[in-house]
Every structure is written in C-alpha cells, then in structure tokens.
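Colleague: Handing you this structure, nothing more for now.
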Amino acid sequence: MSERAADQSAQKSASLLERLNLHERSWKFYAAASIPPIVAASLALWYYSSSRDGDAAPAKDDKKKSKRKAKKTKKGTKAADESAAASSSAAAAAAAASSPADKPAGVSTASVGDDDDESPENMSNAQIATLDKASQKKLAQSLKSRGNKFFQAKRYPKAIELYTQALRFDKDPVFYSNRAACYAADNDHDQVIADCTSALELEPRYIKALMRRAQANESTERYRDSLYDFTTACILEDFNNTLAATSAERVLKKLAEAEAHERIEKRDPRLPSKSFISGYLNSFRSCGDEAVAADGEQLSEADALYNEALSFIALQEYAKGIASVDKAIAVIAAAGTVDGVQRADDIYSLSGMFGFLKSSLDLSATHLDKALEINPKHVRSLLRKANLYTEKRDLDMVSQLLDLACETEPENAEAFFQKGQVDFLKQDFVEAAKNYERAAGLDPDFVYPRIQLGVVQFKLGKMQDALATFKEAMERFPTRSDLYNYYGEVLAEQGGPDDAIAAFEKAVELDNANPLPYVNQAIAVFQSSGNADKALTLIQDALKVDSECELAVAALSQIYLQLGMFEESLSMLRRAVDLAKSEEEMVSAITFRETTAAQYRFMKEHPELLNKMMGAMQ
C-alpha cells in the first residue's frame with residue numbers, strides 16, 4: 001500500500017524517515033520501514049560558543065594618562081621637574097630595553113602610546129620594510145594592545161585605526177578579527193565579513209573569526225553562509241557546544257521558513273504523488289456512493305460528472321477526477337441551486353477532500369462546510385473535516401467531529417477507525433486498540449483496522465498478539481499487498497530482517513504497482529547486508545512505479561549519502577523540497593538539504609578533517 005495519509009500515522013510503528021533521520025513528514029505521510037537507523041550522515045546540528053578575543057585587557061588611553069599625570073606633578077618647582085624628568089627617563093629606558101636591538105635610526109618605540117612622529121603608525125611603508133620580522137611583530141603587538149584599550153573604551157574608530165596600522169607591520173589573523181569586532185559593534189556587517197574572511201584565509205581554523213562572520217552573515221540574511229560557518233566551527237570544536245546547536249537551529253529556521261514561504265506563495269496548488277493519494281483513500285471504505293437514476297429518469301449533469309469523477313479515481317487518474325468534480329460544481333453554481341442534484345453533498349465533499357490533499361485548506365473547508373450545509377448528517381464530510389483539523393493540529397476539534405460522526409452513525413466502521421487514529425496520534429494506544437477492534441467488528445471486510453490493531457499491539461509490547469492479528473488478517477485478506485508490507489515493518493522492527501524482506505517481496509508480488517514495499521525492502525537489504533547495488537535497484541524500481549513517491553526520494557537521498565555520493569544525495573534532497581506538500585513539510589525538507597550541503601562544503605574545503613567529521617557522525 002502507499003504512504004497513508006491523515007490518521008494513519010499509527011500504522012508506521014517507526015517510519016523510514018525517522019529511522020533515516022531525514023525529516024518529519026506531514027502527519028498525512030505514512031509508510032514505515034522498520035529498520036534500525038542508518039547513520040544520518042548529513043543532519044547533526046552542531047555549533048559554536050563564541051567569546052571576545054583573548055588579547056590583553058584594554059586600558060585607558062596612554063595619552064590621557066600622561067596628561068593626567070602631568071597635571072598632578074606640575075608644581076612649578078625644580079625638584080618636581082627633575083622628578084618628572086627622571087620618571088620620563090626611566091620610562092624611556094624601560095621601553096628601550098624591550099625594543100629590538102637593530103631598530104633603524106630615527107625610529108623610537110619608547111613613545112608607542114603617543115601620537116607623535118616617532119609612533120609606529122607614523123612610520124612609512126619603506127621604514128617598516130627595513131625592520132626585521134621580530135621587530136615588525138613587536139611593534140604590531142604594541143599597536144594591537146593600544147587598539148584593545150580603545151575598543152574597551154568603545155572608541156571604535158580609533159581602535160580600527162590602530163588595528164589597521166598593526167596590519168601594516170604583521171598580517172596577523174587576530175588583528176583582522178579584532179578589527180571585525182569593532183565593525184560589529186558599529187553594525188558594519190559587510191566589513192565584519194571582509195575582515196573575518198581575511199583572517200580565515202590566514203588561519204582557516206580560527207574559531208572567533210568563523211563565529212563573527214557567521215553572526216554577520218546572519219545579520220545580513222546570508223543564512224546559507226552563516227550556516228556553513230556555524231557548521232565549520234562546530235566540527236572544529238568537536239560538536240560539544242550547546243550554544244552552537246541553538247545558533248544552528250535559529251539560522252536553519254530562518255533560512256528554511258523564508259524559502260518555504262516564498263515557494264508556497266508562488267506555486268500553484270498541486271496534488272501529491274499517486275501513491276500518497278491512494279494511501280489516503282484507503283483509510284476510507286469508499287470515496288462516495290454513485291448517483292443512480294430513478295426508473296425512467298436521467299441523472300442530472302452534475303451527478304453524471306460526479307460518477308465520472310469516481311470512475312477516474314478508481315483508475316488512479318486523480319487529475320481527471322478533480323476536473324470532473326470541478327465541472328460538477330460549476331454546473332451547480334450556474335444553476336444557482338442543488339435542487340435535482342442527487343449527490344450534491346458528495347460532490348462538495350469530494351472537492352473538499354481534493355483541496356485537502358492539495359493543501360488548499362481554505363478551499364477544502366469551504367466545500368466541506370457546503371456539503372454539511374446540504375446534509376448535516378453527511379458522515380463522510382465530518383470525517384474529512386476531521387482530517388482537515390488534524391492537519392491544523394487542532395485535535396480537540398477533531399475529537400468533536402469524530403464524536404459527532406459516531407453519534408450520527410453508531411455503526412460506521414470508518415468513524416471508529418478514525419477515532420483510533422487520533423488516539424494513536426495522542427499515543428493513547430490502549431484506547432486506540434479499543435476503537436480499532438470496534439471498527440473491525442463493525443466491518444469485517446475493512447482491512448485497515450486490523451493492520452492498525454496489529455501495529456498498536458506491537459507498540460504496547462504485545463508482540464505475540466500483534467503477530468496473531470496479522471496472521472488472522474492475512475488469512476482473511478490473502479491478496480492484500482499493503483497488509484504484507486506493514487507486516488514486514490513489524491517483523492523488521494522486531495529484528496528479523498530476513499522474514500521482513502520475505503514479507504516485502506510478497507507484497508511486491510501481490511501488487512508490483514505499489515512503491516512502498518520496494519522502498520522498505522531496499523532499506524532492509526541495505527541495513528542487513530550492505531548490498532547497495534540491490535538497494536538502489538529496488539528504490540529505482542519504486543520510482544519507476546511512482547516517480548513522485550516522496551518516501552522513495554527520501555530513502556534514496558540517505559542511501560546516496562551513506563555511500564558518499566553527496567552530489568546525488570543533494571539532488572534527491574532538492575527533489576524532496578519540490579515534492580513537499582505543505583509549508584511545514586517544506587521547511588523540514590529545506591532544513592535537511594541545507595545541513596547536508598553545509599557539511600558537504602566543509603568536506604570539500606577541509607579534506608584534512610574529513611575523518612574527524614565522519615567519526616563524529618557515527
């Protein structure tokens with residue numbers, strides 16, 4: 001059976017996507033491959049812890065200090081002048097003692113804190129070139145130290161000037177990073193990025209520069225670059241920083257939500273894959289009852305179009321089915337009345353269902369409400385409206401609608417089945433089992449309550465009961481492919497890959513147009529034997545059956561990732577974004593695409609650290 005929608009999340013005792021750590025699909029997406037986790041190489045969220053440069057703590061401006069000292073010592077006496085002179089001489093001697101022995105003539109480092117002609121910042125490039133490297137570094141450090149003082153005093157322009165001068169003497173990455181900190185304080189994010197980039201060109205593993213650039217990229221909405229810097233810093237810091245993970249989540253959220261919102265706004269509503277729709281429809285006994293003409297009468301045009309839509313749905317030609325239902329509604333609208341239309345409630349209800357599947361929730365609600373206006377006791381519309389509110393995460397409203405459906409038709413198996421699904425979503429497995437049993441008792445030919453009952457028994461740790469439930473169901477429904485598929489999932493979860501694979505093979509034998517057993521079998525094979533060629537062949541077979549099968553695309557991206565085929569994996573992740581049915585689902589798909597891309601970029605730019613990164617992913 002295909003990915004099952006809406007209330008069938010219960011059926012996936014552990015979804016393939018969870019096991020592959022790809023991403024959480026919408027609640028409508030159900031297809032489980034109960035295989036222990038494949039390493040999710042792309043999707044750890046790591047990041048960094050940042051702090052200020054660890055340079056010497058800035059002090060007050062030397063020039064101001066000397067002026068204050070001069071005011072305090074100026075007493076107009078010869079003794080005071082001599083004392084001041086002696087003090088000055090001592091300072092000069094100390095400075096001279098710490099200066100390079102071979103400094104050029106005419107250059108003094110004794111007054112490095114003053115803005116006089118002998119200060120290092122006043123040296124020409126030609127003079128700097130005559131200094132040896134040790135002297136250049138010493139003078140650069142003195143300028144940096146003075147820059148630190150001005151930074152602490154929040155005199156950023158002066159600090160920038162001094163760090164810039166320091167760089168004339170020594171292209172030290174710390175100087176670039178410190179200057180970037182000044183620009184950051186002034187919210188000059190472009191300059192922050194430029195200086196941090198210069199620092200990283202000199203020292204690619206410079207954490208503070210990475211962090212500053214990441215923050216600046218985030219501030220300028222360059223989220224992809226920000227994510228890369230956060231990822232790189234996290235890997236370099238051994239994935240241990242909690243603040244880093246928080247930063248990662250923040251940036252990913254911004255990036256994914258912005259792109260998803262823009263995409264959803266621009267694209268036309270679209271149907272999900274055929275296998276997805278088929279899975280959703282199988283949670284109901286039928287899409288609706290055909291209109292039947294009374295003896296000697298003809299069906300209304302709207303009813304005839306409705307019957308035509310049901311025929312197309314049976315053939316899985318869903319787009320044609322939608323077109324027929326839209327025509328039926330247009331006919332009713334043109335007439336201005338539903339008089340004479342036998343299945344007006346079903347027509348609007350069916351349109352509401354397709355709107356729901358296309359994530360056109362407003363249109364869906366409008367047409368479902370119209371169906372209930374025509375027939376307040378139309379249980380199928382109550383159930384579909386419950387699905388709509390499940391999508392909106394309003395489980396209280398869902399429960400109200402399902403209770404009303406059960407009150408309206410106390411013997412309706414679908415209503416109790418859907419109640420069981422909501423119980424499962426709430427993880428109330430005991431109550432879910434009761435509702436599945438009630439649904440199975442009301443309609444012995446409805447297979448899904450039995451499948452769900454087996455799954456929930458497994459969830460409750462009643463493995464023998466679960467296996468017995470599946471065995472009884474298979475005796476009653478020996479040709480149901482979906483039954484064997486979900487039975488295989490339970491077997492795989494139990495830890496029996498050989499039996500699970502056999503069940504998946506049986507499911508394919510019974511229905512080779514169902515993509516799910518191919519995918520589940522591929523994952524079981526890959527996990528149990530590492531046979532990548534067979535696994536890839538099976539998933540390609542699934543995609544031949546349904547080229548838009550979301551689960552197949554997701555699984556393929558992760559297997560490619562495990563095989564180190566990063567370009568191919570990213571291609572599939574981009575495809576997963578295109579196939580996302582809702583904005584929420586698209587946010588998840590983009591999140592995983594971007595984390596994978598960031599890590600792949602790191603691997604290309606830091607090949608020497610590949611083993612470290614892959615080791616942390618295991």
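Every chain in the structure tokens has a letter given in the order shown (A, B, ...), and although residue numbers restart at 1 in each chain, ligands are simply numbered from 1 in the order shown.
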Name all residues at most 9 Å from Asn412 (chain A) (count only C-alpha atoms; drop same-chain ones fewer than 3 positions away) and give them as a list in words.
Modeller: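 Skipping anything fewer than 3 positions along the chain leaves Val379, Ala405, Cys406, Thr408, Glu409, Ala415, Phe416, Phe417, Ala439, Leu442 and Asp443 of chain A.
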Colleague: Selected residues, N, CA and C atoms, written as an mmCIF file, in the first residue's frame, please.
Modeller:
data_model
loop_
_atom_site.group_PDB
_atom_site.id
_atom_site.type_symbol
_atom_site.label_atom_id
_atom_site.label_comp_id
_atom_site.auth_asym_id
_atom_site.auth_seq_id
_atom_site.Cartn_x
_atom_site.Cartn_y
_atom_site.Cartn_z
ATOM 1 N N VAL A 379 -21.743 11.946 7.080
ATOM 2 C CA VAL A 379 -20.635 11.471 7.924
ATOM 3 C C VAL A 379 -19.302 11.528 7.184
ATOM 4 N N ALA A 405 -19.693 12.216 14.324
ATOM 5 C CA ALA A 405 -19.845 11.196 13.284
ATOM 6 C C ALA A 405 -20.327 9.881 13.892
ATOM 7 N N CYS A 406 -19.766 9.511 15.046
ATOM 8 C CA CYS A 406 -20.159 8.262 15.702
ATOM 9 C C CYS A 406 -21.594 8.343 16.237
ATOM 10 N N THR A 408 -23.937 10.190 14.878
ATOM 11 C CA THR A 408 -24.806 10.220 13.702
ATOM 12 C C THR A 408 -25.007 8.819 13.136
ATOM 13 N N GLU A 409 -23.878 8.066 13.037
ATOM 14 C CA GLU A 409 -23.954 6.695 12.531
ATOM 15 C C GLU A 409 -23.182 5.783 13.477
ATOM 16 N N ALA A 415 -15.752 5.712 11.116
ATOM 17 C CA ALA A 415 -15.706 6.706 12.182
ATOM 18 C C ALA A 415 -14.892 6.194 13.365
ATOM 19 N N PHE A 416 -15.094 4.940 13.734
ATOM 20 C CA PHE A 416 -14.344 4.395 14.868
ATOM 21 C C PHE A 416 -12.873 4.167 14.503
ATOM 22 N N PHE A 417 -12.637 3.810 13.243
ATOM 23 C CA PHE A 417 -11.246 3.684 12.795
ATOM 24 C C PHE A 417 -10.517 5.022 12.909
ATOM 25 N N ALA A 439 -14.034 -1.014 15.126
ATOM 26 C CA ALA A 439 -14.166 -0.822 13.677
ATOM 27 C C ALA A 439 -14.101 -2.156 12.946
ATOM 28 N N LEU A 442 -17.367 -3.999 13.379
ATOM 29 C CA LEU A 442 -18.472 -3.417 12.623
ATOM 30 C C LEU A 442 -18.382 -3.733 11.135
ATOM 31 N N ASP A 443 -17.159 -3.867 10.619
ATOM 32 C CA ASP A 443 -16.980 -4.149 9.195
ATOM 33 C C ASP A 443 -15.837 -5.150 9.036
#
Colleague: I'd like the contact shell of region 560-576 of chain A - 7 Å cut-off, only C-alpha atoms, skipping same-chain residues fewer than 6 positions apart - returned as a list in words.
Modeller: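 Listed by chain and then number, they are Ala41, Glu550, Val553, Ala554, Ala589, Arg593 and Tyr600 of chain A.
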Colleague: Using only C-alpha atoms, determine which residues lie at most 10 Å from Ser219 (chain A), disregarding the query and same-chain residues fewer than 4 positions distant; provide the list as a list of chain:residue names.
Modeller: A:Asn187, A:His189, A:Asp190, A:Arg213, A:Ala214, A:Gln215, A:Tyr223, A:Ser226
Colleague: What does the structure give for the distance between CA of Lys266 (chain A) and CA of Ile347 (chain A), in Å to one decimal?
Modeller: 28.5 Å
Colleague: Which is closer to Val455 (chain A) than all the others in A:Leu425, A:Val490, A:Ala304, A:Ala513, using only C-alpha atoms?
Modeller: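 Looking at the shortest contact to Val455 (chain A), the residue is A:Val490.
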Colleague: From the DSSP assignment of the backbone, select every residue of region 176-385 of chain A that is helix (DSSP H, G or I), and format the answer as a PyMOL selection string.
Modeller: chain A and resi 176-185+189-202+207-219+223-236+242-266+274-281+301-314+318-335+344-357+361-374+379-385
Colleague: What's the 12 Å shell around Leu363 (chain A), counting only C-alpha atoms, without same-chain residues fewer than 5 positions away, as a list in words?
Modeller: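 The residues satisfying every condition are Pro269, Tyr348, Ser349, Leu350, Ser351, Gly352, Met353, Phe354, Gly355, Phe356, Leu357, Lys358, Leu368, Asp369, Lys370, Lys385 and Leu388 of chain A.
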Colleague: Save the residues we just selected, all heavy atoms, as a tab-separated table (two decimals), in the first residue's frame?
Modeller:
chain	number	residue	atom	x	y	z
A	269	PRO	N	-1.40	25.30	-6.27
A	269	PRO	CA	-1.72	24.09	-5.51
A	269	PRO	C	-1.50	22.86	-6.39
A	269	PRO	O	-1.82	22.87	-7.58
A	269	PRO	CB	-3.19	24.26	-5.15
A	269	PRO	CG	-3.41	25.73	-5.16
A	269	PRO	CD	-2.53	26.26	-6.26
A	348	TYR	N	-19.58	18.23	-3.24
A	348	TYR	CA	-18.80	19.22	-2.49
A	348	TYR	C	-17.82	18.56	-1.53
A	348	TYR	O	-16.70	19.06	-1.32
A	348	TYR	CB	-19.74	20.16	-1.73
A	348	TYR	CG	-20.32	21.25	-2.60
A	348	TYR	CD1	-21.59	21.13	-3.15
A	348	TYR	CD2	-19.57	22.38	-2.90
A	348	TYR	CE1	-22.12	22.13	-3.97
A	348	TYR	CE2	-20.08	23.39	-3.71
A	348	TYR	CZ	-21.35	23.26	-4.25
A	348	TYR	OH	-21.85	24.24	-5.06
A	349	SER	N	-18.21	17.43	-0.96
A	349	SER	CA	-17.32	16.73	-0.05
A	349	SER	C	-16.08	16.21	-0.77
A	349	SER	O	-14.95	16.31	-0.28
A	349	SER	CB	-18.06	15.57	0.61
A	349	SER	OG	-17.23	14.93	1.57
A	350	LEU	N	-16.28	15.67	-1.97
A	350	LEU	CA	-15.16	15.15	-2.76
A	350	LEU	C	-14.23	16.29	-3.16
A	350	LEU	O	-12.99	16.14	-3.12
A	350	LEU	CB	-15.69	14.42	-3.99
A	350	LEU	CG	-14.69	13.58	-4.77
A	350	LEU	CD1	-14.09	12.50	-3.90
A	350	LEU	CD2	-15.37	12.96	-6.00
A	351	SER	N	-14.79	17.41	-3.52
A	351	SER	CA	-13.96	18.57	-3.85
A	351	SER	C	-13.17	19.02	-2.62
A	351	SER	O	-11.99	19.38	-2.73
A	351	SER	CB	-14.85	19.71	-4.37
A	351	SER	OG	-14.07	20.86	-4.64
A	352	GLY	N	-13.83	19.01	-1.46
A	352	GLY	CA	-13.13	19.36	-0.23
A	352	GLY	C	-11.99	18.42	0.08
A	352	GLY	O	-10.91	18.84	0.55
A	353	MET	N	-12.16	17.15	-0.21
A	353	MET	CA	-11.10	16.16	0.00
A	353	MET	C	-9.90	16.46	-0.88
A	353	MET	O	-8.74	16.43	-0.43
A	353	MET	CB	-11.62	14.76	-0.29
A	353	MET	CG	-10.59	13.66	-0.09
A	353	MET	SD	-11.02	12.11	-0.91
A	353	MET	CE	-10.58	12.49	-2.62
A	354	PHE	N	-10.15	16.75	-2.17
A	354	PHE	CA	-9.03	17.05	-3.06
A	354	PHE	C	-8.35	18.36	-2.66
A	354	PHE	O	-7.12	18.49	-2.77
A	354	PHE	CB	-9.51	17.11	-4.52
A	354	PHE	CG	-9.64	15.76	-5.16
A	354	PHE	CD1	-10.85	15.33	-5.68
A	354	PHE	CD2	-8.55	14.91	-5.25
A	354	PHE	CE1	-10.97	14.09	-6.28
A	354	PHE	CE2	-8.65	13.66	-5.85
A	354	PHE	CZ	-9.87	13.25	-6.36
A	355	GLY	N	-9.12	19.34	-2.20
A	355	GLY	CA	-8.50	20.56	-1.71
A	355	GLY	C	-7.58	20.29	-0.53
A	355	GLY	O	-6.48	20.84	-0.42
A	356	PHE	N	-8.00	19.40	0.34
A	356	PHE	CA	-7.18	18.99	1.48
A	356	PHE	C	-5.88	18.34	1.01
A	356	PHE	O	-4.79	18.66	1.49
A	356	PHE	CB	-7.98	18.02	2.35
A	356	PHE	CG	-7.19	17.27	3.35
A	356	PHE	CD1	-6.68	17.90	4.48
A	356	PHE	CD2	-6.95	15.91	3.19
A	356	PHE	CE1	-5.94	17.20	5.42
A	356	PHE	CE2	-6.22	15.21	4.12
A	356	PHE	CZ	-5.71	15.85	5.23
A	357	LEU	N	-5.98	17.44	0.04
A	357	LEU	CA	-4.79	16.76	-0.45
A	357	LEU	C	-3.83	17.72	-1.15
A	357	LEU	O	-2.61	17.50	-1.13
A	357	LEU	CB	-5.19	15.63	-1.41
A	357	LEU	CG	-5.81	14.40	-0.74
A	357	LEU	CD1	-6.39	13.45	-1.79
A	357	LEU	CD2	-4.80	13.68	0.14
A	358	LYS	N	-4.35	18.77	-1.73
A	358	LYS	CA	-3.51	19.78	-2.39
A	358	LYS	C	-3.02	20.83	-1.41
A	358	LYS	O	-2.35	21.78	-1.79
A	358	LYS	CB	-4.27	20.45	-3.53
A	358	LYS	CG	-4.56	19.56	-4.70
A	358	LYS	CD	-5.09	20.33	-5.90
A	358	LYS	CE	-6.46	20.91	-5.66
A	358	LYS	NZ	-7.01	21.57	-6.87
A	368	LEU	N	-16.28	21.53	2.29
A	368	LEU	CA	-16.78	20.59	3.28
A	368	LEU	C	-17.93	21.20	4.08
A	368	LEU	O	-18.91	20.51	4.40
A	368	LEU	CB	-15.65	20.14	4.20
A	368	LEU	CG	-14.59	19.23	3.55
A	368	LEU	CD1	-13.42	19.00	4.49
A	368	LEU	CD2	-15.19	17.89	3.14
A	369	ASP	N	-17.80	22.48	4.40
A	369	ASP	CA	-18.90	23.16	5.10
A	369	ASP	C	-20.15	23.21	4.22
A	369	ASP	O	-21.29	23.08	4.70
A	369	ASP	CB	-18.48	24.58	5.49
A	369	ASP	CG	-17.51	24.59	6.67
A	369	ASP	OD1	-17.42	23.57	7.38
A	369	ASP	OD2	-16.85	25.63	6.87
A	370	LYS	N	-19.95	23.40	2.91
A	370	LYS	CA	-21.09	23.41	2.00
A	370	LYS	C	-21.77	22.04	1.97
A	370	LYS	O	-23.02	21.95	1.97
A	370	LYS	CB	-20.62	23.80	0.59
A	370	LYS	CG	-21.73	23.87	-0.45
A	370	LYS	CD	-22.75	24.97	-0.16
A	370	LYS	CE	-23.76	25.11	-1.28
A	370	LYS	NZ	-24.78	26.15	-0.98
A	385	LYS	N	-13.51	16.49	7.31
A	385	LYS	CA	-13.25	17.73	8.04
A	385	LYS	C	-12.38	17.46	9.25
A	385	LYS	O	-11.53	18.29	9.62
A	385	LYS	CB	-14.58	18.37	8.46
A	385	LYS	CG	-14.42	19.81	8.96
A	385	LYS	CD	-15.77	20.49	9.13
A	385	LYS	CE	-15.59	21.94	9.61
A	385	LYS	NZ	-16.89	22.62	9.78
A	388	LEU	N	-8.96	17.50	8.06
A	388	LEU	CA	-8.53	18.88	7.85
A	388	LEU	C	-8.03	19.50	9.16
A	388	LEU	O	-6.97	20.15	9.20
A	388	LEU	CB	-9.69	19.69	7.29
A	388	LEU	CG	-9.49	21.20	7.11
A	388	LEU	CD1	-8.44	21.47	6.05
A	388	LEU	CD2	-10.81	21.87	6.73
Colleague: Got a sec: who's within 7 Å of Leu538 (chain A), counting only C-alpha atoms, leaving out chain neighbours fewer than 6 positions off, as an mmCIF file with N, CA and C atoms, in the first residue's frame?
Modeller:
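The file below, selection-v8.cif, is the result:
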data_model
loop_
_atom_site.group_PDB
_atom_site.id
_atom_site.type_symbol
_atom_site.label_atom_id
_atom_site.label_comp_id
_atom_site.auth_asym_id
_atom_site.auth_seq_id
_atom_site.Cartn_x
_atom_site.Cartn_y
_atom_site.Cartn_z
ATOM 1 N N TYR A 518 8.896 -1.885 -2.265
ATOM 2 C CA TYR A 518 10.223 -1.778 -2.880
ATOM 3 C C TYR A 518 11.170 -0.986 -1.966
ATOM 4 N N VAL A 519 10.662 0.151 -1.495
ATOM 5 C CA VAL A 519 11.492 1.020 -0.649
ATOM 6 C C VAL A 519 11.828 0.329 0.658
ATOM 7 N N ALA A 522 14.345 -2.304 0.133
ATOM 8 C CA ALA A 522 15.661 -1.712 -0.141
ATOM 9 C C ALA A 522 16.378 -1.360 1.157
#
Colleague: I'd like the neighbourhood of region 282-293 of chain A as a PyMOL selection string, where a residue qualifies if any of its atoms comes within 7 Å (using only C-alpha atoms), though same-chain residues fewer than 6 positions away should be ignored.
Modeller: chain A and resi 299+303+307+342-343+346+414+448
Colleague: May I have the residues from that selection written out with N, CA, C and O atoms, as a PDB file, in the first residue's frame?
Modeller:
ATOM      1  N   LEU A 299     -29.923  11.071 -14.980  1.00  0.00           N
ATOM      2  CA  LEU A 299     -29.145  11.764 -13.948  1.00  0.00           C
ATOM      3  C   LEU A 299     -28.968  13.220 -14.336  1.00  0.00           C
ATOM      4  O   LEU A 299     -28.909  13.568 -15.523  1.00  0.00           O
ATOM      5  N   ASP A 303     -24.609  15.170 -11.386  1.00  0.00           N
ATOM      6  CA  ASP A 303     -24.470  13.803 -10.883  1.00  0.00           C
ATOM      7  C   ASP A 303     -23.670  12.934 -11.855  1.00  0.00           C
ATOM      8  O   ASP A 303     -22.863  12.084 -11.439  1.00  0.00           O
ATOM      9  N   ASN A 307     -20.235  10.909 -10.974  1.00  0.00           N
ATOM     10  CA  ASN A 307     -19.969   9.489 -11.245  1.00  0.00           C
ATOM     11  C   ASN A 307     -18.702   9.324 -12.088  1.00  0.00           C
ATOM     12  O   ASN A 307     -17.916   8.395 -11.887  1.00  0.00           O
ATOM     13  N   GLN A 342     -28.754  14.738  -7.057  1.00  0.00           N
ATOM     14  CA  GLN A 342     -28.884  13.656  -6.084  1.00  0.00           C
ATOM     15  C   GLN A 342     -27.713  13.616  -5.108  1.00  0.00           C
ATOM     16  O   GLN A 342     -27.900  13.370  -3.914  1.00  0.00           O
ATOM     17  N   ARG A 343     -26.495  13.833  -5.594  1.00  0.00           N
ATOM     18  CA  ARG A 343     -25.290  13.692  -4.766  1.00  0.00           C
ATOM     19  C   ARG A 343     -24.572  15.027  -4.554  1.00  0.00           C
ATOM     20  O   ARG A 343     -23.353  15.093  -4.526  1.00  0.00           O
ATOM     21  N   ASP A 346     -22.103  14.863  -1.694  1.00  0.00           N
ATOM     22  CA  ASP A 346     -20.881  14.123  -2.039  1.00  0.00           C
ATOM     23  C   ASP A 346     -20.001  14.902  -3.012  1.00  0.00           C
ATOM     24  O   ASP A 346     -18.771  14.794  -2.980  1.00  0.00           O
ATOM     25  N   GLU A 414     -15.773   3.303   9.672  1.00  0.00           N
ATOM     26  CA  GLU A 414     -14.785   4.346   9.350  1.00  0.00           C
ATOM     27  C   GLU A 414     -14.631   5.333  10.508  1.00  0.00           C
ATOM     28  O   GLU A 414     -13.518   5.764  10.827  1.00  0.00           O
ATOM     29  N   TYR A 448      -7.943  -2.159   7.209  1.00  0.00           N
ATOM     30  CA  TYR A 448      -7.041  -1.258   7.933  1.00  0.00           C
ATOM     31  C   TYR A 448      -7.193  -1.253   9.453  1.00  0.00           C
ATOM     32  O   TYR A 448      -6.204  -1.123  10.171  1.00  0.00           O
TER      33      TYR A 448
END
Colleague: List as a ChimeraX atom specification the protein and nucleic acid residues near Pro517 (chain A), meaning an atom at most 9 Å away when only C-alpha atoms are counted, but skip any in the same chain fewer than 2 places from it.
Modeller: /A:1-2,33,481-482,484-486,488,503-508,512,514-515,519-522,542
